[in-house]
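Just final-v4.cif here, mmCIF, C-alpha atoms:
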data_upload
loop_
_atom_site.label_atom_id
_atom_site.label_comp_id
_atom_site.auth_asym_id
_atom_site.auth_seq_id
_atom_site.Cartn_x
_atom_site.Cartn_y
_atom_site.Cartn_z
CA MET A 1 -4.38 -4.33 30.87
CA LYS A 2 -4.19 -1.35 28.58
CA LYS A 3 -5.69 -3.38 25.76
CA LEU A 4 -8.47 -4.58 28.02
CA ILE A 5 -9.36 -1.03 28.98
CA ALA A 6 -9.30 0.02 25.36
CA LEU A 7 -11.51 -2.91 24.42
CA ILE A 8 -14.01 -2.10 27.14
CA PHE A 9 -14.00 1.53 26.07
CA VAL A 10 -14.64 0.63 22.43
CA LEU A 11 -17.38 -1.80 23.45
CA TYR A 12 -19.00 0.89 25.59
CA ILE A 13 -18.95 3.35 22.71
CA GLY A 14 -20.34 0.68 20.41
CA VAL A 15 -23.21 -0.12 22.75
CA GLU A 16 -24.04 3.55 23.21
CA MET A 17 -23.97 4.15 19.46
CA PHE A 18 -26.16 1.12 18.94
CA PHE A 19 -28.80 2.42 21.31
CA VAL A 20 -28.69 5.86 19.74
CA PHE A 21 -29.03 4.67 16.15
CA TYR A 22 -31.27 1.70 16.97
CA GLN A 23 -34.27 3.97 17.22
CA ILE A 24 -33.76 5.54 13.81
CA PRO A 25 -35.23 3.39 11.05
CA PHE A 26 -32.73 2.71 8.32
CA GLY A 27 -33.06 4.72 5.15
CA MET A 28 -36.09 6.72 6.21
CA ASP A 29 -36.48 10.42 6.00
CA ARG A 30 -36.08 11.49 9.60
CA VAL A 31 -35.38 15.14 9.00
CA GLN A 32 -38.15 16.55 11.13
CA SER A 33 -36.82 20.02 11.76
CA LYS A 34 -38.47 22.81 9.85
CA VAL A 35 -35.22 24.38 8.69
CA GLY A 36 -33.87 21.13 7.26
CA LYS A 37 -37.13 20.43 5.50
CA PHE A 38 -37.18 23.90 4.04
CA TYR A 39 -33.70 23.49 2.59
CA LEU A 40 -34.38 20.03 1.20
CA GLU A 41 -37.64 21.09 -0.42
CA HIS A 42 -36.60 24.45 -1.76
CA SER A 43 -33.13 23.80 -3.13
CA PRO A 44 -34.34 21.56 -6.01
CA LYS A 45 -37.58 23.47 -6.49
CA ASP A 46 -36.63 27.14 -6.34
CA LEU A 47 -32.92 27.10 -7.08
CA LYS A 48 -32.80 24.01 -9.31
CA VAL A 49 -29.74 22.78 -7.42
CA ALA A 50 -29.47 19.03 -6.97
CA ASN A 51 -26.86 19.18 -4.21
CA ALA A 52 -28.64 20.59 -1.17
CA VAL A 53 -25.37 21.12 0.70
CA THR A 54 -24.10 23.45 -2.01
CA SER A 55 -27.31 25.41 -2.07
CA ILE A 56 -27.04 25.90 1.69
CA VAL A 57 -23.36 26.81 1.66
CA VAL A 58 -23.42 29.17 -1.29
CA ASN A 59 -26.94 30.46 -1.50
CA PHE A 60 -28.85 30.32 1.78
CA ARG A 61 -25.75 30.98 3.83
CA GLY A 62 -23.57 32.63 1.22
CA PHE A 63 -22.59 35.38 3.60
CA ASP A 64 -21.13 32.78 5.97
CA THR A 65 -19.10 31.32 3.14
CA LEU A 66 -17.73 34.74 2.25
CA GLY A 67 -16.62 34.98 5.87
CA GLU A 68 -15.03 31.54 5.70
CA VAL A 69 -13.11 32.46 2.58
CA THR A 70 -11.90 35.59 4.35
CA VAL A 71 -10.77 33.51 7.34
CA LEU A 72 -8.84 31.24 4.99
CA PHE A 73 -7.23 34.26 3.36
CA ILE A 74 -6.20 35.75 6.71
CA ALA A 75 -4.78 32.42 7.87
CA THR A 76 -2.75 32.08 4.69
CA THR A 77 -1.42 35.60 4.96
CA ALA A 78 -0.46 35.08 8.59
CA LEU A 79 1.31 31.80 7.87
CA GLY A 80 3.12 33.33 4.91
CA SER A 81 4.28 36.33 6.89
CA ILE A 82 5.56 34.11 9.70
CA LEU A 83 7.39 31.76 7.38
CA PHE A 84 8.72 34.42 5.05
CA ARG A 85 11.75 35.31 7.16
CA SER A 86 12.96 31.78 7.73
CA ARG A 87 12.36 31.06 4.08
CA LYS A 88 14.78 33.79 3.08
CA VAL A 89 17.42 32.47 5.46
CA HIS A 90 17.10 28.88 4.27
CA ASN A 91 17.08 29.81 0.64
CA ARG A 92 20.61 31.08 1.02
CA LEU A 93 21.69 27.86 2.70
CA ASN A 94 19.97 25.47 0.36
CA SER A 95 18.52 26.29 -3.00
CA LYS A 96 17.46 22.69 -3.55
CA ARG A 97 14.64 21.44 -1.45
CA THR A 98 15.99 18.05 -0.45
CA SER A 99 19.32 16.40 -1.00
CA VAL A 100 17.84 13.21 -2.45
CA GLU A 101 15.75 13.47 -5.56
CA ALA A 102 12.49 11.54 -5.79
CA SER A 103 12.84 8.31 -7.71
CA MET A 104 12.32 8.09 -11.44
CA ILE A 105 9.09 6.16 -10.94
CA VAL A 106 7.55 9.07 -9.09
CA GLN A 107 8.78 11.57 -11.64
CA VAL A 108 7.48 9.70 -14.65
CA ALA A 109 4.16 8.94 -13.00
CA GLY A 110 3.82 12.58 -12.09
CA ARG A 111 3.74 13.48 -15.76
CA PHE A 112 0.44 11.80 -16.40
CA LEU A 113 -1.05 11.73 -12.93
CA VAL A 114 -0.82 15.47 -12.26
CA PRO A 115 -3.01 16.50 -15.22
CA LEU A 116 -5.55 13.90 -14.15
CA ILE A 117 -5.54 15.21 -10.59
CA VAL A 118 -5.99 18.80 -11.76
CA LEU A 119 -8.78 17.68 -14.09
CA LEU A 120 -10.52 15.91 -11.21
CA GLY A 121 -10.22 19.02 -9.06
CA ALA A 122 -11.70 21.21 -11.80
CA TYR A 123 -14.49 18.69 -12.32
CA VAL A 124 -15.30 18.70 -8.61
CA PHE A 125 -15.66 22.45 -8.33
CA ILE A 126 -17.39 22.97 -11.67
CA HIS A 127 -19.98 20.32 -10.78
CA GLY A 128 -20.30 21.55 -7.20
CA HIS A 129 -24.02 22.18 -7.57
CA LEU A 130 -24.73 18.75 -9.09
CA THR A 131 -22.56 16.25 -7.28
CA PRO A 132 -20.96 16.04 -3.82
CA GLY A 133 -18.00 18.32 -3.42
CA GLY A 134 -17.50 21.89 -4.40
CA GLY A 135 -15.11 24.78 -4.45
CA PHE A 136 -13.23 23.98 -1.27
CA GLN A 137 -12.78 20.30 -2.06
CA GLY A 138 -11.87 20.88 -5.69
CA GLY A 139 -9.31 23.52 -4.71
CA VAL A 140 -7.71 21.14 -2.25
CA ILE A 141 -7.49 18.43 -4.91
CA ILE A 142 -5.73 20.81 -7.28
CA ALA A 143 -3.33 21.79 -4.52
CA THR A 144 -2.59 18.09 -4.03
CA GLY A 145 -1.52 17.91 -7.66
CA VAL A 146 0.87 20.80 -7.11
CA LEU A 147 2.16 19.07 -3.98
CA PHE A 148 2.90 16.03 -6.14
CA LEU A 149 4.99 18.20 -8.47
CA LEU A 150 6.78 19.79 -5.53
CA LEU A 151 7.66 16.39 -4.09
CA ALA A 152 8.60 14.76 -7.37
CA TYR A 153 10.79 17.45 -8.92
CA ARG A 154 13.14 19.26 -6.65
CA GLN A 155 13.78 22.03 -9.15
CA PHE A 156 10.07 22.79 -9.41
CA SER A 157 9.05 25.93 -7.62
CA VAL A 158 5.92 27.99 -7.62
CA ASN A 159 5.92 31.55 -8.83
CA HIS A 160 4.08 33.46 -6.15
CA GLU A 161 3.08 36.50 -8.18
CA PRO A 162 0.43 34.86 -10.41
CA ILE A 163 -0.83 32.97 -7.36
CA THR A 164 -1.43 36.23 -5.54
CA TRP A 165 -3.24 37.57 -8.60
CA ILE A 166 -5.44 34.49 -8.96
CA GLU A 167 -6.29 34.58 -5.29
CA SER A 168 -7.16 38.26 -5.29
CA LEU A 169 -9.21 38.02 -8.48
CA ALA A 170 -11.14 35.03 -7.21
CA GLY A 171 -11.92 36.75 -3.91
CA ALA A 172 -12.93 39.89 -5.77
CA THR A 173 -15.19 37.83 -8.03
CA PHE A 174 -17.00 36.38 -5.03
CA ALA A 175 -17.50 39.75 -3.38
CA GLY A 176 -18.31 41.35 -6.75
CA LEU A 177 -21.05 38.81 -7.45
CA GLY A 178 -22.46 39.64 -4.04
CA LEU A 179 -22.38 43.36 -4.73
CA THR A 180 -23.93 42.89 -8.16
CA GLY A 181 -26.95 41.54 -6.33
CA ILE A 182 -27.34 44.96 -4.71
CA PHE A 183 -26.90 46.81 -8.00
CA VAL A 184 -29.51 44.65 -9.68
CA GLY A 185 -31.93 45.73 -6.98
CA LYS A 186 -31.91 42.76 -4.65
CA THR A 187 -29.96 41.94 -1.51
CA PHE A 188 -26.27 41.16 -1.06
CA LEU A 189 -25.42 37.72 -2.53
CA GLU A 190 -28.94 37.35 -3.87
CA ASN A 191 -29.19 34.73 -6.61
CA PHE A 192 -29.97 37.16 -9.43
CA LEU A 193 -29.32 34.98 -12.48
CA GLY A 194 -31.86 32.61 -13.97
CA THR A 195 -31.81 29.21 -12.33
CA GLY A 196 -32.24 27.02 -15.41
CA LYS A 197 -33.22 23.37 -15.28
CA LEU A 198 -32.53 20.87 -12.51
CA ASN A 199 -29.41 18.74 -13.12
CA ASP A 200 -28.13 20.99 -15.92
CA LEU A 201 -24.52 22.11 -15.82
CA LEU A 202 -25.59 25.71 -16.45
CA SER A 203 -28.11 25.98 -13.65
CA GLY A 204 -28.40 27.33 -10.16
CA GLY A 205 -27.79 30.99 -11.03
CA ILE A 206 -24.65 32.36 -9.41
CA ILE A 207 -23.91 29.22 -7.37
CA PRO A 208 -21.55 27.59 -9.91
CA LEU A 209 -19.84 30.92 -10.55
CA ILE A 210 -19.16 31.43 -6.86
CA TYR A 211 -17.94 27.89 -6.44
CA ILE A 212 -15.55 28.22 -9.38
CA ALA A 213 -14.16 31.39 -7.80
CA VAL A 214 -13.84 29.61 -4.44
CA GLY A 215 -12.10 26.69 -6.13
CA PHE A 216 -9.50 28.92 -7.74
CA LYS A 217 -8.99 30.80 -4.50
CA VAL A 218 -8.52 27.72 -2.32
CA ALA A 219 -6.22 26.10 -4.87
CA ALA A 220 -4.05 29.21 -5.09
CA GLU A 221 -3.90 29.69 -1.32
CA LEU A 222 -3.00 26.08 -0.54
CA THR A 223 -0.42 26.00 -3.31
CA GLY A 224 1.23 29.05 -1.84
CA ILE A 225 1.22 27.55 1.64
CA LEU A 226 2.65 24.22 0.45
CA ASP A 227 5.42 25.87 -1.51
CA THR A 228 6.35 28.12 1.39
CA ILE A 229 6.42 25.27 3.90
CA LEU A 230 8.37 22.91 1.66
CA SER A 231 10.96 25.47 0.70
CA ILE A 232 11.98 26.09 4.30
CA SER A 233 11.80 22.58 5.65
CA VAL A 234 15.22 21.07 4.96
CA PRO A 235 18.43 22.94 5.69
CA VAL A 236 21.34 21.41 3.80
CA GLU A 237 23.55 20.42 6.75
CA GLU A 238 21.02 18.04 8.25
CA THR A 239 20.32 15.97 5.17
CA GLU A 240 23.81 15.52 3.79
CA ASN A 241 24.94 13.29 6.63
CA GLN A 242 22.04 10.93 6.28
CA ASN A 243 23.09 9.27 3.09
CA MET B 1 -28.81 -11.61 -18.10
CA GLU B 2 -29.38 -8.91 -15.52
CA GLN B 3 -29.62 -11.55 -12.83
CA VAL B 4 -26.23 -12.93 -13.82
CA LEU B 5 -24.68 -9.45 -13.81
CA THR B 6 -26.06 -8.87 -10.33
CA TYR B 7 -24.58 -12.11 -9.01
CA VAL B 8 -21.20 -11.40 -10.64
CA GLY B 9 -21.27 -7.91 -9.16
CA TYR B 10 -22.00 -9.20 -5.65
CA ILE B 11 -19.21 -11.78 -5.93
CA PHE B 12 -16.75 -9.03 -6.85
CA VAL B 13 -17.98 -6.83 -4.01
CA VAL B 14 -17.55 -9.66 -1.50
CA ILE B 15 -14.05 -10.45 -2.77
CA GLY B 16 -13.15 -6.78 -2.49
CA ALA B 17 -14.54 -6.56 1.03
CA ILE B 18 -12.54 -9.62 2.09
CA PHE B 19 -9.31 -8.20 0.71
CA LEU B 20 -9.92 -4.81 2.28
CA PHE B 21 -10.52 -6.52 5.62
CA LEU B 22 -7.31 -8.53 5.27
CA GLY B 23 -5.44 -5.35 4.41
CA GLY B 24 -6.74 -3.67 7.54
CA LEU B 25 -5.84 -6.71 9.62
CA GLY B 26 -2.35 -6.70 8.13
CA ILE B 27 -1.80 -3.07 9.07
CA VAL B 28 -2.60 -3.93 12.69
CA ARG B 29 -0.71 -7.20 12.88
CA LEU B 30 2.47 -6.88 10.78
CA PRO B 31 5.73 -5.88 12.46
CA ASP B 32 7.25 -2.93 10.59
CA ILE B 33 6.42 -0.24 8.07
CA TYR B 34 7.51 -2.17 4.98
CA CYS B 35 5.36 -5.18 5.78
CA ARG B 36 2.47 -2.90 6.64
CA LEU B 37 2.87 -1.11 3.34
CA GLN B 38 2.49 -4.46 1.61
CA ALA B 39 -0.75 -5.10 3.44
CA GLY B 40 -1.97 -1.56 3.02
CA THR B 41 -1.17 -1.38 -0.68
CA LYS B 42 -1.42 -4.80 -2.29
CA ALA B 43 -4.50 -5.89 -0.40
CA SER B 44 -6.28 -2.56 -0.55
CA THR B 45 -5.47 -2.02 -4.24
CA LEU B 46 -6.98 -5.35 -5.18
CA GLY B 47 -9.81 -4.88 -2.71
CA ALA B 48 -10.77 -1.43 -3.93
CA MET B 49 -10.46 -2.43 -7.60
CA SER B 50 -12.60 -5.50 -7.11
CA LEU B 51 -15.18 -3.58 -5.09
CA ILE B 52 -15.47 -0.85 -7.72
CA LEU B 53 -15.66 -3.40 -10.53
CA GLY B 54 -18.46 -5.11 -8.64
CA VAL B 55 -20.32 -1.81 -8.36
CA GLY B 56 -19.82 -1.41 -12.11
CA PHE B 57 -21.46 -4.78 -12.70
CA LEU B 58 -24.33 -3.97 -10.36
CA GLN B 59 -25.00 -0.62 -12.07
CA PRO B 60 -23.96 -1.13 -15.72
CA GLN B 61 -24.38 2.56 -16.55
CA TRP B 62 -21.52 3.35 -14.14
CA MET B 63 -19.17 0.81 -15.70
CA ILE B 64 -17.08 3.33 -17.65
CA LYS B 65 -16.61 5.53 -14.61
CA ALA B 66 -15.71 2.45 -12.56
CA LEU B 67 -13.08 1.44 -15.10
CA ILE B 68 -11.57 4.93 -15.07
CA ILE B 69 -11.39 4.83 -11.27
CA ILE B 70 -9.78 1.38 -11.43
CA VAL B 71 -7.09 2.63 -13.82
CA PHE B 72 -6.44 5.60 -11.54
CA ILE B 73 -6.11 3.34 -8.49
CA ALA B 74 -3.81 0.99 -10.39
CA LEU B 75 -1.59 3.95 -11.23
CA SER B 76 -1.60 5.87 -7.99
CA ASN B 77 -1.75 3.29 -5.19
CA PRO B 78 1.49 1.41 -5.93
CA LEU B 79 3.16 4.73 -6.64
CA SER B 80 2.34 6.16 -3.23
CA SER B 81 3.45 2.94 -1.57
CA HIS B 82 6.74 3.09 -3.44
CA ALA B 83 7.31 6.69 -2.45
CA LEU B 84 6.50 5.93 1.20
CA ALA B 85 8.80 2.91 1.35
CA ARG B 86 11.64 4.81 -0.31
CA GLY B 87 11.16 7.80 1.96
CA SER B 88 11.15 5.70 5.10
CA TYR B 89 14.26 3.82 3.98
CA ARG B 90 16.06 7.07 3.31
CA HIS B 91 15.11 8.15 6.81
CA LYS B 92 17.07 5.22 8.23
CA ILE B 93 14.15 3.00 9.21
CA ARG B 94 15.64 -0.50 9.04
CA PRO B 95 13.57 -3.36 7.67
CA TRP B 96 12.51 -6.12 10.03
CA THR B 97 14.60 -9.07 8.83
CA LYS B 98 16.14 -12.20 10.29
CA GLU B 99 19.20 -12.16 8.08
CA ASP B 100 21.23 -9.11 7.33
CA ILE B 101 20.36 -8.72 3.66
CA ASP B 102 20.11 -5.18 2.37
CA ALA B 103 20.36 -5.02 -1.39
CA TYR B 104 19.03 -1.49 -1.60
CA ALA B 105 21.82 -0.14 0.62
CA GLN B 106 24.35 -1.64 -1.77
CA TYR B 107 22.54 -0.10 -4.74
CA ILE B 108 22.56 3.32 -3.12
CA LYS B 109 26.25 2.96 -2.36
CA GLU B 110 27.11 2.04 -5.95
CA GLN B 111 24.98 4.85 -7.31
CA GLY B 112 26.63 7.33 -4.98
CA GLU B 113 30.05 6.15 -6.14
CA ASN B 114 29.00 6.52 -9.77
CA GLU B 115 27.73 10.03 -9.16
CA ALA B 116 30.91 10.96 -7.34
CA ALA B 117 32.99 9.60 -10.22
CA GLU B 118 30.99 11.60 -12.73
CA GLU B 119 31.37 14.74 -10.70
CA ASP B 120 35.12 14.16 -10.57
CA LYS B 121 35.23 13.79 -14.34
CA GLN B 122 33.31 17.00 -14.84
CA GLN B 123 35.62 18.84 -12.47
CA GLU B 124 38.64 17.54 -14.39
CA LYS B 125 37.11 18.74 -17.65
CA GLN B 126 36.49 22.17 -16.21
CA GLU B 127 40.01 22.40 -14.88
CA SER B 128 41.56 21.34 -18.18
#
Starting from the file, give its structure as structure tokens.
Amino acid sequence: MKKLIALIFVLYIGVEMFFVFYQIPFGMDRVQSKVGKFYLEHSPKDLKVANAVTSIVVNFRGFDTLGEVTVLFIATTALGSILFRSRKVHNRLNSKRTSVEASMIVQVAGRFLVPLIVLLGAYVFIHGHLTPGGGFQGGVIIATGVLFLLLAYRQFSVNHEPITWIESLAGATFAGLGLTGIFVGKTFLENFLGTGKLNDLLSGGIIPLIYIAVGFKVAAELTGILDTILSISVPVEETENQN
Amino acid sequence: MEQVLTYVGYIFVVIGAIFLFLGGLGIVRLPDIYCRLQAGTKASTLGAMSLILGVGFLQPQWMIKALIIIVFIALSNPLSSHALARGSYRHKIRPWTKEDIDAYAQYIKEQGENEAAEEDKQQEKQES
């Protein structure tokens, strides 16, 4: 009976989706709104940025993105301050993260997979204005690499002082680039550098610079969060009985 | 020549799609996590590799990138499956078996005994 209801529900959704998308011709440019058209036309022409999403996120709505980065920073700080106490308590109980070490396969693979993962993350945020992806995505990929290390080696721990520095410097770079726009004589977060050629790595003015800063910032924040969460998660009494 | 490459590419894409479908079916139909991991890893590794190779044949200028992605999948997909299976075993999820065969439990037991013996030896050394 439950399955029948689920099936009917899925069928209903499918039919509705069909009728919605049936009217849109496949593969045609259906962006009729003026705003969307403006972005799509102007981001390759004026800014020389191939990825329209990036040009919207960092240039046209750069102020929004600065707000987002701030929200991320506040969330990280709040999480860290909540977890800090319990982390201290658990550290006394259990200096090692888990009682069972990850298998040798994981450890050996980590040695050559982690550099590749970090390289991919750096690639994603450096090429944010050319290909899909950008600072946020690249930062998350780098944090995944660190998570791999944290899971594979139980002695591995993150030093929080450089992370704080990286995070602060990256945030300051973003805001500083915005302020430089004012000093140059334009508005806040105005794209004051030359835009270069379309599809060049060095193009798009301050967009790649901002995305690199965002990438560093997101990577540092998520690494800090992951390390804090993992270091409190397993008190020693609970795991010893399991094996 | 290009025609042949296109056909080869489409054949690879279709094979990949079939294997990915079977992997998805296996995740729905198989009884426990270890069997599902087989479906989710073996089938989807081959499926994704074949699909990406097919794309490489269809667009020859992407072939090098496709090969790099294939190597990465070949390295990372079995690894994650291994880690998941090991983790779930260590969390006391029993495999779905007819007979009571559990070679890994025996291995863990022997290893634990070895480690305990080594620790004893070290303690004796420290005491003496």
For the structure shown, which residues end up in the PyMOL selection byres ((chain B and resi 78) around 12)? Put them as an MDAnalysis selection string, please? (chainID A and resid 105:106 109) or (chainID B and resid 37:46 71:77 79:85)
Of the residues A:Gly36, A:Thr77, A:Arg111, A:Ile8, which is the one nearest to chain B, using all atoms listed in the file? A:Arg111
Contacts of region 28-32 of chain B at 12 Å (all atoms listed in the file; same-chain gap of 2+ positions) as number ranges by chain: B: 21-26, 34-40, 85, 88-89, 93-97
What's the 6 Å shell around region 192-209 of chain A, counting only C-alpha atoms, without same-chain residues fewer than 5 positions away, as a ChimeraX atom specification? /A:47-49
Separation of CA of Gln59 (chain B) and CA of Gly128 (chain A), in Å? 23.2 Å
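Here, the PyMOL selection byres ((chain B and resi 15) around 12) matches Val8, Gly9, Tyr10, Ile11, Phe12, Val13, Val14, Gly16, Ala17, Ile18, Phe19, Leu20, Phe21, Leu22, Ala43, Ser44, Leu46, Gly47, Ala48, Met49, Ser50, Leu51, Ile52, Leu53 and Gly54 of chain B.
Residue nearest chain B, chosen from A:Phe112, A:Phe84, A:Phe19, A:Phe63 and counting only C-alpha atoms: A:Phe112.
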What is the CA of Asp102 (chain B)-CA of Ala116 (chain B) distance in Å, reported with one decimal? 21.7 Å
Which of these, A:Leu79, A:Val108, A:Ala172, A:Leu179, has the shortest distance to Leu226 (chain A) once you count only C-alpha atoms? A:Leu79
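Counting all atoms listed in the file and comparing A:Gly121, A:Gly181, A:Gly139, A:Gly110, the residue that lies closest to chain B is A:Gly110.
The space between CA of Thr173 (chain A) and CA of Gly62 (chain A) spans 13.5 Å.
The nearest approach to Val55 (chain B) among the residues B:Ile27, B:Ile33, B:Met1, B:Ile70, with all atoms listed in the file taken into account, belongs to B:Ile70.
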Select, from B:Ile64, B:Ile69, B:Ala103, B:Ala117, the residue with the minimum atom-to-atom distance to chain A, counting only C-alpha atoms. B:Ile69
Starting from the PyMOL selection byres ((chain A and resi 70) around 12), expand the selection into actual residues of this file and give them as a PyMOL selection string. chain A and resi 63-69+71-77+167-168+170-172+174-175+214+217-218+221
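For the point (-17.4, 21.3, -5.2) in file coordinates, the residues within 10 Å, using only C-alpha atoms, are Asn51, Val53, Thr54, Gly121, Ala122, Tyr123, Val124, Phe125, Ile126, His127, Gly128, His129, Leu130, Thr131, Pro132, Gly133, Gly134, Gly135, Phe136, Gln137, Gly138, Gly139, Pro208, Tyr211, Ile212, Val214 and Gly215 of chain A.
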Starting from the sparse input, extend region 20-28 of chain B to all heavy atoms and give the output as a compact mmCIF listing (two decimals), in the coordinates of the input.
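To be explicit, this is the file written out as result-v7.txt:
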# COMPACT_ATOMS: atom_id res chain seq x y z
N LEU B 20 -10.08 -6.04 1.50
CA LEU B 20 -9.92 -4.81 2.28
C LEU B 20 -9.81 -5.14 3.77
O LEU B 20 -8.99 -4.56 4.49
CB LEU B 20 -11.10 -3.86 2.04
CG LEU B 20 -11.06 -3.13 0.72
CD1 LEU B 20 -12.33 -2.31 0.55
CD2 LEU B 20 -9.86 -2.22 0.64
N PHE B 21 -10.61 -6.11 4.21
CA PHE B 21 -10.52 -6.52 5.62
C PHE B 21 -9.14 -7.08 5.92
O PHE B 21 -8.53 -6.73 6.94
CB PHE B 21 -11.60 -7.57 5.93
CG PHE B 21 -11.43 -8.20 7.27
CD1 PHE B 21 -11.76 -7.50 8.41
CD2 PHE B 21 -10.92 -9.47 7.39
CE1 PHE B 21 -11.58 -8.07 9.65
CE2 PHE B 21 -10.75 -10.06 8.62
CZ PHE B 21 -11.08 -9.35 9.77
N LEU B 22 -8.63 -7.94 5.02
CA LEU B 22 -7.31 -8.53 5.27
C LEU B 22 -6.24 -7.44 5.29
O LEU B 22 -5.30 -7.49 6.08
CB LEU B 22 -7.00 -9.58 4.20
CG LEU B 22 -7.81 -10.86 4.30
CD1 LEU B 22 -7.47 -11.78 3.16
CD2 LEU B 22 -7.55 -11.54 5.62
N GLY B 23 -6.40 -6.45 4.41
CA GLY B 23 -5.44 -5.35 4.41
C GLY B 23 -5.45 -4.60 5.74
O GLY B 23 -4.39 -4.29 6.30
N GLY B 24 -6.65 -4.35 6.25
CA GLY B 24 -6.74 -3.67 7.54
C GLY B 24 -6.14 -4.50 8.65
O GLY B 24 -5.39 -3.99 9.51
N LEU B 25 -6.40 -5.80 8.62
CA LEU B 25 -5.84 -6.71 9.62
C LEU B 25 -4.31 -6.69 9.55
O LEU B 25 -3.62 -6.65 10.57
CB LEU B 25 -6.36 -8.12 9.38
CG LEU B 25 -6.06 -9.15 10.45
CD1 LEU B 25 -6.91 -8.83 11.66
CD2 LEU B 25 -6.38 -10.54 9.94
N GLY B 26 -3.80 -6.70 8.31
CA GLY B 26 -2.35 -6.70 8.13
C GLY B 26 -1.72 -5.45 8.71
O GLY B 26 -0.64 -5.51 9.31
N ILE B 27 -2.38 -4.30 8.53
CA ILE B 27 -1.80 -3.07 9.07
C ILE B 27 -1.71 -3.14 10.59
O ILE B 27 -0.76 -2.65 11.19
CB ILE B 27 -2.63 -1.85 8.60
CG1 ILE B 27 -2.35 -1.60 7.14
CG2 ILE B 27 -2.27 -0.61 9.40
CD1 ILE B 27 -3.19 -0.52 6.54
N VAL B 28 -2.67 -3.82 11.23
CA VAL B 28 -2.60 -3.93 12.69
C VAL B 28 -1.55 -4.96 13.10
O VAL B 28 -0.81 -4.75 14.06
CB VAL B 28 -3.98 -4.32 13.24
CG1 VAL B 28 -3.92 -4.50 14.74
CG2 VAL B 28 -5.00 -3.27 12.91
